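Visitor: Sharing a structure here in structure tokens format.
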Amino acid sequence: MTKTMPDLQQSRDHRKIPIRKVGVKNISYPIVVQDKHRSLQHTVATVDMYVDLPHQFKGTHMSRFVEILNRHREQIALDRLEEILQEMRQKLGAETAHLRVEFPYFIDKAAPVSRARSLMEYTCEFDACLNGDQLDFVLGVKVPVTSLCPCSKELSQFGAHNQRSIMTVKVRYKEFIWIEDLVELIEQCGSSPLYALLKRADEKHVTEQAYQNPRFVEDMVREAYLRLAASENITWFSVEAENFESIHNHSAYAEVELDRRDTQHP
Ligand SMILES: Nc1nc2c(ncn2[C@@H]2O[C@H](COP(=O)(O)OP(=O)(O)OP(=O)(O)O)[C@@H](O)[C@H]2O)c(=O)[nH]1
């Protein structure tokens with residue numbers, strides 16, 4: 001039946017414009033992530049899959065992306081991404097394949113005083129690209145923290161404004177990095193970490209901890225820079241901090257980046 005149907009995608013395009021990324025976006029799909037303490041964690045990701053398209057073709061074959069994803073069902077994990085990307089390149093006749101997987105990841109944390117345990121959610125991403133046989137992979141994690149304003153503390157007779165901040169860290173690395181370790185490193189860069197569950201004794205502790213540890217967005221990204229740059233394993237990183245200001249109707253924002261790849265591969 002399909003053989004007799006016209007294949008418009010395969011027909012020629014005459015505009016001579018190659019397309020860098022074309023494919024499917026926002027597929028909700030189950031994946032498996034390596035968990036530092038529980039071996040594996042099952043979660044549901046939002047998946048984007050793209051390839052490049054040479055100028056002479058009218059369209060890509062959208063159904064093949066979903067076919068590939070389903071061929072790897074229950075095995076979509078970090079160590080399978082390259083295989084999936086290779087299959088995308090091959091089945092879609094492309095030079096470059098992109099696979100972005102964004103997912104909620106849960107870490108079991110103990111509250112600082114009561115030690116009450118709770119699951120804290122972190123939004124993570126694997127962003128992988130295969131160009132020929134060159135694999136580029138970026139791990140990203142969004143880490144919410146508390147920040148307390150040093151200026152407000154200095155000026156005010158009582159209190160200081162403080163807010164929830166999101167620190168977004170992205171890394172390229174040589175040897176495997178646990179999401180848990182990245183989260184722990186970034187949590188040290190705000191005024192206080194966040195927890196899903198706090199009893200009263202914990203609430204007093206985190207409030208006082210934040211007051212004793214005021215941080216601008218600039219302090220937060222600089223602290224992260226120092227800690228990430230200290231690891232030889234990390235070849236590239238970027239860190240963003242966004243403070244959802246409690247006394248302004250806008251956010252304070254800062255970003256830093258370090259790229260060691262050029263010096264390693266001149
Ligand atoms: N290329 C392209 N396809 C689209 C778009 N929107 C929907 N589609 C549909 O995606 C569907 C699947 O396309 P293909 O993968 O080429 O389907 P197919 O020809 O049955 O599959 P193959 O035999 O593997 O090529 C088609 O029905 C298209 O109409 C779009 O914006 N671009």
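As shown in the structure tokens, the chain order sets the letters A, B, ...; within each chain, residues go from 1, and ligands are also counted from 1 in the order they appear.
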What's the 10 Å shell around Glu180 of chain A, counting only C-alpha atoms, without same-chain residues fewer than 6 positions away, as a ChimeraX atom specification?
Guide: /A:35-37,105-108,122,141
Visitor: Can I get the selected residues back with C-alpha atoms, as a CSV table (one decimal), in the first residue's frame?
Guide:
```
chain,number,residue,atom,x,y,z
A,35,ASP,CA,21.2,6.6,40.1
A,36,LYS,CA,24.2,6.9,42.4
A,37,HIS,CA,22.5,5.2,45.4
A,105,TYR,CA,15.4,13.4,38.4
A,106,PHE,CA,14.7,12.7,42.1
A,107,ILE,CA,17.4,12.8,44.9
A,108,ASP,CA,16.7,11.5,48.4
A,122,TYR,CA,15.9,18.4,39.8
A,141,VAL,CA,21.1,20.2,35.7
```
Visitor: I'd like the contact shell of segment 200-215 of chain A - 7 Å cut-off, only C-alpha atoms, skipping same-chain residues fewer than 4 positions apart - returned as a list in words.
Guide: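 After dropping sequence-adjacent residues, the list is Ala111, Pro112, Val113, Ser114, Ser147, Leu148, Cys149, Pro150, Gly190, Ser191, Ser192, Asp219 and Met220 of chain A.
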Visitor: Go ahead and write the residues just picked, C-alpha atoms, as a compact mmCIF listing (two decimals), in the first residue's frame.
Guide:
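Written file, part_2.txt:
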```
# COMPACT_ATOMS: atom_id res chain seq x y z
CA ALA A 111 16.79 17.72 56.21
CA PRO A 112 19.73 19.47 57.94
CA VAL A 113 18.64 19.06 61.61
CA SER A 114 15.72 16.60 61.88
CA SER A 147 19.84 33.35 47.85
CA LEU A 148 19.93 36.18 50.36
CA CYS A 149 20.95 39.65 49.15
CA PRO A 150 24.23 40.96 50.66
CA GLY A 190 23.89 29.77 46.96
CA SER A 191 23.05 31.06 50.45
CA SER A 192 21.36 27.78 51.41
CA ASP A 219 28.89 35.45 43.89
CA MET A 220 26.87 32.36 43.00
```
Visitor: With a distance cut-off of 8 Å and only C-alpha atoms, select the neighbouring residues of Tyr195 of chain A, excluding the residue or stretch itself and same-chain residues fewer than 4 positions from it, and output the selection as a ChimeraX atom specification.
Guide: /A:109,111,118,120
Visitor: Generate the output file for the selected residues, N, CA and C atoms, as a CSV table (one decimal), in the first residue's frame.
Guide:
```csv
chain,number,residue,atom,x,y,z
A,109,LYS,N,17.0,13.4,49.9
A,109,LYS,CA,17.8,14.2,50.8
A,109,LYS,C,17.3,14.2,52.2
A,111,ALA,N,16.9,16.3,55.7
A,111,ALA,CA,16.8,17.7,56.2
A,111,ALA,C,18.0,18.0,57.2
A,118,SER,N,13.3,13.2,52.3
A,118,SER,CA,12.3,13.6,51.3
A,118,SER,C,13.0,13.5,49.9
A,120,MET,N,13.7,15.2,46.4
A,120,MET,CA,13.8,16.6,45.8
A,120,MET,C,13.9,16.4,44.3
```
Visitor: With only C-alpha atoms and all ligand atoms as the basis for distance, which of A:Phe216, A:Tyr173, A:Tyr50, A:Phe244 is at the shortest distance from ligand 1?
Guide: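 Smallest distance to ligand 1 is found for A:Tyr50.
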Visitor: Mind listing the residues within 8 Å of ligand 1, only C-alpha atoms and all ligand atoms counted, as a ChimeraX atom specification?
Guide: /A:2,7-10,23,58-65
Visitor: Residues as selected, C-alpha atoms, written as a compact mmCIF listing (two decimals), in the first residue's frame, can you do that?
Guide:
```txt
# COMPACT_ATOMS: atom_id res chain seq x y z
CA THR A 2 2.69 2.58 1.06
CA ASP A 7 6.51 10.25 -1.05
CA LEU A 8 6.54 14.04 -1.10
CA GLN A 9 9.37 14.29 1.45
CA GLN A 10 11.71 12.49 -0.97
CA GLY A 23 12.74 16.54 13.30
CA LYS A 58 11.90 18.59 0.35
CA GLY A 59 11.43 16.95 3.73
CA THR A 60 12.77 14.56 6.33
CA HIS A 61 10.99 11.35 7.34
CA MET A 62 9.36 12.27 10.63
CA SER A 63 7.96 8.80 11.35
CA ARG A 64 11.45 7.26 11.43
CA PHE A 65 12.47 9.25 14.52
```
Visitor: From the DSSP assignment of the backbone, select every residue of segment 5-252 of chain A that is alpha helix (DSSP H), and format the answer as a PyMOL selection string.
Guide: chain A and resi 62-71+81-91+150-155+179-187+200-212+217-229
Visitor: What does the file look like for those residues with C-alpha atoms, as a compact mmCIF listing (two decimals), in the first residue's frame?
Guide:
```
# COMPACT_ATOMS: atom_id res chain seq x y z
CA MET A 62 9.36 12.27 10.63
CA SER A 63 7.96 8.80 11.35
CA ARG A 64 11.45 7.26 11.43
CA PHE A 65 12.47 9.25 14.52
CA VAL A 66 9.58 7.76 16.47
CA GLU A 67 10.29 4.31 15.05
CA ILE A 68 13.90 4.54 16.28
CA LEU A 69 12.81 5.72 19.72
CA ASN A 70 10.41 2.80 20.02
CA ARG A 71 13.03 0.30 18.87
CA LEU A 81 22.50 7.65 23.20
CA GLU A 82 25.35 7.24 20.71
CA GLU A 83 23.75 4.09 19.29
CA ILE A 84 20.43 5.92 18.87
CA LEU A 85 22.18 8.87 17.21
CA GLN A 86 24.02 6.52 14.84
CA GLU A 87 20.72 4.90 13.90
CA MET A 88 19.17 8.33 13.30
CA ARG A 89 22.03 9.29 10.96
CA GLN A 90 21.77 6.01 9.11
CA LYS A 91 17.97 5.67 8.83
CA PRO A 150 24.23 40.96 50.66
CA CYS A 151 23.27 44.57 49.88
CA SER A 152 19.89 44.25 51.57
CA LYS A 153 21.53 42.68 54.65
CA GLU A 154 24.12 45.48 54.82
CA LEU A 155 21.57 48.28 54.52
CA ILE A 179 24.04 14.12 38.70
CA GLU A 180 24.07 13.87 42.52
CA ASP A 181 27.66 15.21 42.69
CA LEU A 182 26.91 18.10 40.36
CA VAL A 183 23.86 19.05 42.42
CA GLU A 184 25.88 18.94 45.66
CA LEU A 185 28.60 21.15 44.17
CA ILE A 186 26.12 23.75 42.92
CA GLU A 187 24.11 23.77 46.16
CA ARG A 200 10.63 23.60 62.38
CA ALA A 201 14.20 23.00 63.60
CA ASP A 202 15.30 22.69 59.95
CA GLU A 203 13.48 25.87 58.99
CA LYS A 204 15.33 27.83 61.70
CA HIS A 205 18.63 26.31 60.51
CA VAL A 206 18.22 27.16 56.78
CA THR A 207 16.93 30.67 57.55
CA GLU A 208 19.98 31.42 59.73
CA GLN A 209 22.33 29.67 57.30
CA ALA A 210 21.12 31.91 54.46
CA TYR A 211 21.46 35.05 56.62
CA GLN A 212 25.06 34.15 57.50
CA VAL A 217 24.07 36.28 41.52
CA GLU A 218 27.67 37.25 40.74
CA ASP A 219 28.89 35.45 43.89
CA MET A 220 26.87 32.36 43.00
CA VAL A 221 28.27 31.92 39.47
CA ARG A 222 31.82 32.77 40.65
CA GLU A 223 31.63 30.18 43.44
CA ALA A 224 30.41 27.62 40.91
CA TYR A 225 33.19 28.61 38.49
CA LEU A 226 35.89 28.02 41.14
CA ARG A 227 34.51 24.60 42.07
CA LEU A 228 33.94 23.37 38.50
CA ALA A 229 37.28 24.72 37.21
```
Visitor: Pick out the residues sitting within 9 Å of Asn26 of chain A, and hand them over as a PyMOL selection string; count only C-alpha atoms, and ignore anything fewer than 5 positions along from it in its own chain.
Guide: chain A and resi 45-49
Visitor: Which residue is closest to Ala116 of chain A? Choose from A:Trp236, A:Ile247, A:Ala196, A:Gln34 and count only C-alpha atoms.
Guide: A:Ala196
Visitor: In Å, how far is it from atom CA of Glu74 of chain A to atom CA of Val24 of chain A?
Guide: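 Going from atom CA of Glu74 of chain A over to atom CA of Val24 of chain A covers 19.5 Å.
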Visitor: Could you name the residues that touch Val22 of chain A at 7 Å or less, counting only C-alpha atoms, but leaving out those on the same chain fewer than 2 positions away, as JSON, numbers by chain?
Guide: {"A": [19, 20, 50, 51, 52]}
Visitor: Would you mind exporting N, CA and C atoms of the selected residues as a tab-separated table (two decimals), in the first residue's frame?
Guide:
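Wrote out18.tsv, looks like this:
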```tsv
chain	number	residue	atom	x	y	z
A	19	ILE	N	19.04	22.55	5.75
A	19	ILE	CA	18.43	22.79	7.06
A	19	ILE	C	19.31	22.15	8.14
A	20	ARG	N	19.65	22.94	9.16
A	20	ARG	CA	20.58	22.48	10.19
A	20	ARG	C	19.93	21.45	11.12
A	50	TYR	N	16.49	15.50	16.15
A	50	TYR	CA	16.65	16.25	14.90
A	50	TYR	C	17.80	15.68	14.08
A	51	VAL	N	17.73	15.90	12.76
A	51	VAL	CA	18.88	15.66	11.88
A	51	VAL	C	19.03	16.87	10.97
A	52	ASP	N	20.14	16.91	10.24
A	52	ASP	CA	20.29	17.94	9.22
A	52	ASP	C	19.63	17.44	7.93
```
Visitor: Please determine, counting only C-alpha atoms, which residue among A:Thr168, A:Thr146, A:Gln188, A:Ser39 has the shortest atom-to-atom distance to Glu240 of chain A.
Guide: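 Among A:Thr168, A:Thr146, A:Gln188, A:Ser39, it is A:Thr168 that comes nearest to Glu240 of chain A.
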Visitor: Go ahead and compute the interatomic distance for atom CA of Asp127 of chain A and atom CA of Leu40 of chain A, in Å to one decimal.
Guide: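 Separation of atom CA of Asp127 of chain A and atom CA of Leu40 of chain A: 19.6 Å.
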